[in-house]
Structures are given as structure tokens and as C-alpha cells.
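Colleague: One structure is given below, represented as C-alpha cells, and several questions about it will come after.
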Amino acid sequence: GVLMVCPMSTYLEQQLEKRFTLLCYWNFSDKKQFINDYAHSIRAVVGNATAGADAELIEALPELEIVASFSVGLDKIDLNKCKEKGIRVTNTPDVLTDDVADLAIGLMLAVLRRICECDRYVRKGLWKAGDYDLTSKFSGKTVGIIGLGRIGLAIAKRAEAFGCPISYYARSEKPNTNYKYYPTVVELATNCDILVVACALTPETRYIVNRDVIDALGAKGILINIGRGPHVDEKEMVSALLDGRLGGAGLDVFENEPEVPDKLFGLENVVLLPHVASGTEETRKEMADIVIGNLEAYFQNKPLLTPVV
Ligand code: 8YV
């Protein structure tokens, strides 16, 4: 049986039901009873960025053999526990890179040019009373990227097309790039106009954007988060935005999704999205096909498409 831990894609659910015994997903009111009833028949778990396979679930499923994540991020899976138990793990890289990078650029433009505010301005009929205020230029602004992996690189290439100088922070300098490297996030934030979180969430990168980084980015700086909410100390970010110590933010992810700090709702220099970076018809179908492909390969003893563990 395959356990889908939460509703994530109708197409994926349909494809799973065609090929496997889909035991169901998180809407069972009594999780413990559900696990007791089905524990010995669950050989695979399908998770995503919201819910995956933590140590508790892995321990409760003695027959678990593979975790196939409908996501590129793996922070909801206890990878060490999977390695310890010989449980395979797959994710859905590459197919979502363009969408996520596109949305990062979209957030930069939306925040700096106040696109969402201007739309509301017109819809409320306020234009009749006068023009909207001047906004800030995007082209040519320095973009600092935390994490120069596939998504970080795709963002860099897009921003370069807007004439933006690119700088980055990574654990080590990347040899084959001419982007400016900074060995600390504070130095990166000090020397860029727009700071983008594009690294994986790990214990080391939790709160990688803390008070010091926010202060370094400053009252004219813009923070873009298309990674994970816990990359940013959200309380510090909200406080800095309310105090005017941070110039603006474009956020697709939050510490406690779907909860979003409502103090942000009235700020014109903040754009808020419901974790939609990979959320296009085309990409989510490709992601689902990779999940299915990995599960089919595993149970047919063929090589996995996108193995992580
Ligand atoms: C999705 C994501 O939001 O790939 C990831 O890590 O965060 C997104 O692609 C999510 O996993 C789909 O439910």
C-alpha cells in the first residue's frame, strides 16, 4: 500500500490509485488508529513540503521501503532514519527549477514596483483621485543569493538579464562562476540590494536570515524567500518591516504555514504568496509523474529516477 500523507495533487492521487493501493492520506481523524490499522501494509509513503516522513512515522511503519517526495525539498523527511533502516528516498528536482526561479523574479518586481498595490489602487477607483506614488527600479539592482544550487543559479541567470550584478553566499566558493562570493551571509546582505533565500533547509540553515542579516540588508534592502519559512527568523523580519528597518519582502513561504503573521497584511512593501512557487499545471504534473515513475521503478526492481537515499 502507498500512504499519501496529505492532499497535494488530484492528478497524483489519480495516478497512484490506478497503480497501487492508495491507503489514504492525512484527513483520517485518528492518525494513531489509522497507523495501527494499516501499518503493516504500508510499503511506500508520498510526502511533500508540508508533510513527509518524520522519525515517528518511519518507526510506526515496519514495512516501509521507500519515501517518494512530491517536492525538491527534503526537510520533512528524516533522511538519517531512512539511511539507518535502508529506506529509499526520492524527490522531484529540476522540473520545478524554472517555475521557482520565475516566481523569485516576479516577487522582486512585485515588491519594488508595488504591482499588487497598484492593482488594488486601480480596483478601488483611487486612480481617479491621482497617480500612484513613484516606486523603485529593479533593473541594475544588486541581487545576493543564499545558495547557488540549481534554483539559485536559475535566479542568477534571470536577474542578469535585467542587468543585475549577482553575488552569493555558499558554504564554499563555486569555482566555475564569475559571481561575487561572500563567505558570510551578513557580508552578502551588506553588499546587495535584494537578498534571496534559495538554499535547502537543514539544521545549519535554519534562521540563516537572522537579526544581524536583516540589519545588514537594511532599510532599503528587499528580502525574497522562495525556500522555506524557517530559513528566516520571522519575528525579527516582521519587527524590522514594521519599524522600517527592512525595506520590503516578497515571501512565498512562512514558518508555520498556512499561518501568516497578520501584522504583515497592511504593509504595502510586502508581497505574500501561499507557497505556490512550483504551483503550475505543467510543473506539478511533471512532479507527479516523477513520483509515480520512482515508485514504479522501485517495485519493478529498476533504477530509481531521482534517488536521494
Ligand atoms: C511544493 C516545494 O510546494 O518542491 C518543494 O520543495 O516546496 C514545492 O514544490 C510542494 O512540495 C508541493 O506540495
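Within each chain, counting starts at residue 1; across the C-alpha cells, chains are named A, B, ... in the order shown, with ligands numbered 1 upward in that order.
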Could you list, as a PyMOL selection string, every residue within 12 Å of Leu242 (chain A), counting only C-alpha atoms and ignoring same-chain residues fewer than 5 positions away?
Modeller: chain A and resi 219+235-237+247-249+261-270
Colleague: What would the file look like if the residues just selected were written as a short mmCIF file (atom, residue, chain, number, x, y, z; two decimals), in the first residue's frame with N, CA, C and O atoms?
Modeller:
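See part_14.cif below for the written result:
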```
data_model
loop_
_atom_site.label_atom_id
_atom_site.label_comp_id
_atom_site.auth_asym_id
_atom_site.auth_seq_id
_atom_site.Cartn_x
_atom_site.Cartn_y
_atom_site.Cartn_z
N ALA A 219 17.31 49.27 5.61
CA ALA A 219 16.02 49.94 5.37
C ALA A 219 15.70 50.09 3.88
O ALA A 219 14.56 50.38 3.52
N LYS A 235 9.88 36.45 13.35
CA LYS A 235 9.56 37.52 14.30
C LYS A 235 10.46 38.74 14.06
O LYS A 235 10.00 39.88 14.04
N GLU A 236 11.74 38.48 13.87
CA GLU A 236 12.68 39.58 13.61
C GLU A 236 12.35 40.26 12.29
O GLU A 236 12.44 41.49 12.17
N MET A 237 11.96 39.49 11.29
CA MET A 237 11.63 40.07 9.98
C MET A 237 10.40 40.96 10.09
O MET A 237 10.40 42.11 9.61
N GLY A 247 13.54 47.15 4.06
CA GLY A 247 12.84 47.91 3.02
C GLY A 247 11.64 47.23 2.41
O GLY A 247 10.75 47.89 1.88
N GLY A 248 11.59 45.89 2.46
CA GLY A 248 10.45 45.19 1.87
C GLY A 248 10.72 43.70 1.83
O GLY A 248 11.85 43.25 2.11
N ALA A 249 9.67 42.92 1.53
CA ALA A 249 9.84 41.46 1.48
C ALA A 249 8.85 40.84 0.49
O ALA A 249 7.69 41.28 0.41
N PRO A 261 1.89 35.84 9.60
CA PRO A 261 1.74 36.94 10.58
C PRO A 261 0.84 38.05 10.03
O PRO A 261 1.15 38.68 9.02
N ASP A 262 -0.31 38.28 10.69
CA ASP A 262 -1.28 39.23 10.11
C ASP A 262 -0.78 40.68 10.22
O ASP A 262 -1.34 41.57 9.57
N LYS A 263 0.28 40.93 11.01
CA LYS A 263 0.84 42.30 11.03
C LYS A 263 1.44 42.68 9.67
O LYS A 263 1.66 43.85 9.39
N LEU A 264 1.68 41.68 8.84
CA LEU A 264 2.23 41.96 7.50
C LEU A 264 1.14 42.40 6.53
O LEU A 264 1.43 43.01 5.51
N PHE A 265 -0.12 42.12 6.86
CA PHE A 265 -1.19 42.29 5.88
C PHE A 265 -1.37 43.74 5.44
O PHE A 265 -1.77 44.01 4.31
N GLY A 266 -1.05 44.69 6.30
CA GLY A 266 -1.27 46.10 5.96
C GLY A 266 -0.06 46.78 5.33
O GLY A 266 -0.10 47.97 5.02
N LEU A 267 1.02 46.02 5.11
CA LEU A 267 2.26 46.66 4.61
C LEU A 267 2.30 46.66 3.08
O LEU A 267 2.21 45.61 2.44
N GLU A 268 2.47 47.84 2.49
CA GLU A 268 2.50 47.98 1.04
C GLU A 268 3.80 47.45 0.44
O GLU A 268 3.87 47.16 -0.75
N ASN A 269 4.84 47.33 1.24
CA ASN A 269 6.15 46.90 0.72
C ASN A 269 6.38 45.41 0.93
O ASN A 269 7.51 44.94 0.92
N VAL A 270 5.26 44.67 1.13
CA VAL A 270 5.36 43.22 1.35
C VAL A 270 4.38 42.52 0.41
O VAL A 270 3.24 42.96 0.25
#
```
Colleague: Might you pull out every residue within 8 Å of Pro274 (chain A), with only C-alpha atoms counted and same-chain residues fewer than 4 positions away left off, and present them as number ranges by chain?
Modeller: A: 252-253, 258
Colleague: For N, CA and C atoms, I'd like the residues from the last selection saved as a short mmCIF file (atom, residue, chain, number, x, y, z; two decimals), in the first residue's frame.
Modeller:
```cif
data_model
loop_
_atom_site.label_atom_id
_atom_site.label_comp_id
_atom_site.auth_asym_id
_atom_site.auth_seq_id
_atom_site.Cartn_x
_atom_site.Cartn_y
_atom_site.Cartn_z
N ASP A 252 7.07 33.60 -0.23
CA ASP A 252 6.22 32.51 -0.70
C ASP A 252 6.11 31.42 0.37
N VAL A 253 6.92 31.58 1.43
CA VAL A 253 6.95 30.55 2.48
C VAL A 253 7.01 31.20 3.86
N PRO A 258 -0.24 27.04 7.11
CA PRO A 258 -0.64 28.23 6.35
C PRO A 258 -0.84 29.49 7.19
#
```
Colleague: Which residues are near ligand 1 - at most 10 Å, using only C-alpha atoms and all ligand atoms? Format: as an MDAnalysis selection string.
Modeller: chainID A and resid 6:9 47:52 69:76 91:97 99:100 200:201 226:228 252:253 274:280 283:284 287:288
Colleague: Just to be explicit: take each residue in the selection above, keep C-alpha atoms, and write the result as an mmCIF file, in the first residue's frame.
Modeller:
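Result file is out-v2.cif:
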```cif
data_model
loop_
_atom_site.group_PDB
_atom_site.id
_atom_site.type_symbol
_atom_site.label_atom_id
_atom_site.label_comp_id
_atom_site.auth_asym_id
_atom_site.auth_seq_id
_atom_site.Cartn_x
_atom_site.Cartn_y
_atom_site.Cartn_z
ATOM 1 C CA CYS A 6 -1.704 14.862 2.838
ATOM 2 C CA PRO A 7 -3.790 16.023 -0.128
ATOM 3 C CA MET A 8 -1.297 17.501 -2.585
ATOM 4 C CA SER A 9 -2.376 16.822 -6.145
ATOM 5 C CA GLY A 47 5.060 13.297 1.154
ATOM 6 C CA ASN A 48 5.702 16.908 0.164
ATOM 7 C CA ALA A 49 6.995 20.220 1.530
ATOM 8 C CA THR A 50 4.255 20.318 4.140
ATOM 9 C CA ALA A 51 4.286 16.769 5.483
ATOM 10 C CA GLY A 52 6.705 13.924 4.888
ATOM 11 C CA SER A 69 8.584 13.180 -2.036
ATOM 12 C CA PHE A 70 6.402 15.386 -4.239
ATOM 13 C CA SER A 71 8.929 18.177 -3.719
ATOM 14 C CA VAL A 72 12.560 19.037 -4.240
ATOM 15 C CA GLY A 73 12.953 19.999 -0.576
ATOM 16 C CA LEU A 74 13.629 17.111 1.776
ATOM 17 C CA ASP A 75 13.347 18.847 5.139
ATOM 18 C CA LYS A 76 10.191 16.939 6.111
ATOM 19 C CA ASN A 91 12.384 13.797 -4.721
ATOM 20 C CA THR A 92 11.390 15.885 -7.767
ATOM 21 C CA PRO A 93 14.354 18.137 -8.728
ATOM 22 C CA ASP A 94 14.918 20.099 -11.955
ATOM 23 C CA VAL A 95 11.341 20.074 -13.311
ATOM 24 C CA LEU A 96 10.366 22.871 -10.895
ATOM 25 C CA THR A 97 13.532 24.990 -11.186
ATOM 26 C CA ASP A 99 8.876 27.988 -12.014
ATOM 27 C CA VAL A 100 10.574 28.719 -8.703
ATOM 28 C CA ALA A 200 17.952 23.858 1.243
ATOM 29 C CA LEU A 201 16.556 23.916 4.783
ATOM 30 C CA ILE A 226 11.268 31.060 -2.044
ATOM 31 C CA GLY A 227 12.991 28.499 0.186
ATOM 32 C CA ARG A 228 11.396 27.583 3.492
ATOM 33 C CA ASP A 252 6.220 32.507 -0.703
ATOM 34 C CA VAL A 253 6.946 30.551 2.477
ATOM 35 C CA PRO A 274 0.694 30.794 -0.406
ATOM 36 C CA HIS A 275 3.729 28.587 -1.204
ATOM 37 C CA VAL A 276 2.979 28.480 -4.932
ATOM 38 C CA ALA A 277 6.460 28.686 -6.478
ATOM 39 C CA SER A 278 6.220 25.304 -8.208
ATOM 40 C CA GLY A 279 2.437 25.524 -8.470
ATOM 41 C CA THR A 280 1.796 25.472 -12.212
ATOM 42 C CA THR A 283 5.223 21.512 -13.371
ATOM 43 C CA ARG A 284 3.020 19.766 -10.813
ATOM 44 C CA MET A 287 6.491 16.321 -10.427
ATOM 45 C CA ALA A 288 3.679 13.784 -10.043
#
```
Colleague: Give me the residues within 12 Å of Glu160 (chain A) as a ChimeraX atom specification, counting only C-alpha atoms and dropping any in the same chain fewer than 5 places off.
Modeller: /A:105,138-144,153-155,165-167,178-179
Colleague: Have a look at CA of Ala170 (chain A) and CA of Thr306 (chain A) and let me know their distance in Å, one decimal.
Modeller: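 Computing it gives 23.7 Å between the two atoms.
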Colleague: Can you measure CA of Asn36 (chain A) to CA of Arg19 (chain A) for me? One decimal in Å is fine.
Modeller: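 Between these atoms lies a distance of 23.8 Å.
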Colleague: Residues near Gly149 (chain A), anyone? I mean within 8 Å using only C-alpha atoms, not counting same-chain ones fewer than 2 positions away, as a ChimeraX atom specification.
Modeller: /A:147,151-153,198-199
Colleague: Contacts of Asn225 (chain A) at 6 Å or less, counting only C-alpha atoms, minus same-chain residues fewer than 4 places along, as number ranges by chain?
Modeller: A: 196-197, 251
Colleague: Identify which of the residues A:Glu13, A:Asp212, A:Asp289, A:Glu65 lies closest to Gly86 (chain A), counting only C-alpha atoms when measuring atom-to-atom distances.
Modeller: A:Glu65
Colleague: Going by DSSP on the backbone, which bits of region 42-281 of chain A are helix (DSSP H, G or I)? Write them as a ChimeraX atom specification, please.
Modeller: /A:55-60,79-85,97-112,115-123,126-129,150-161,185-190,211-217,229-231,234-243,262-264,281
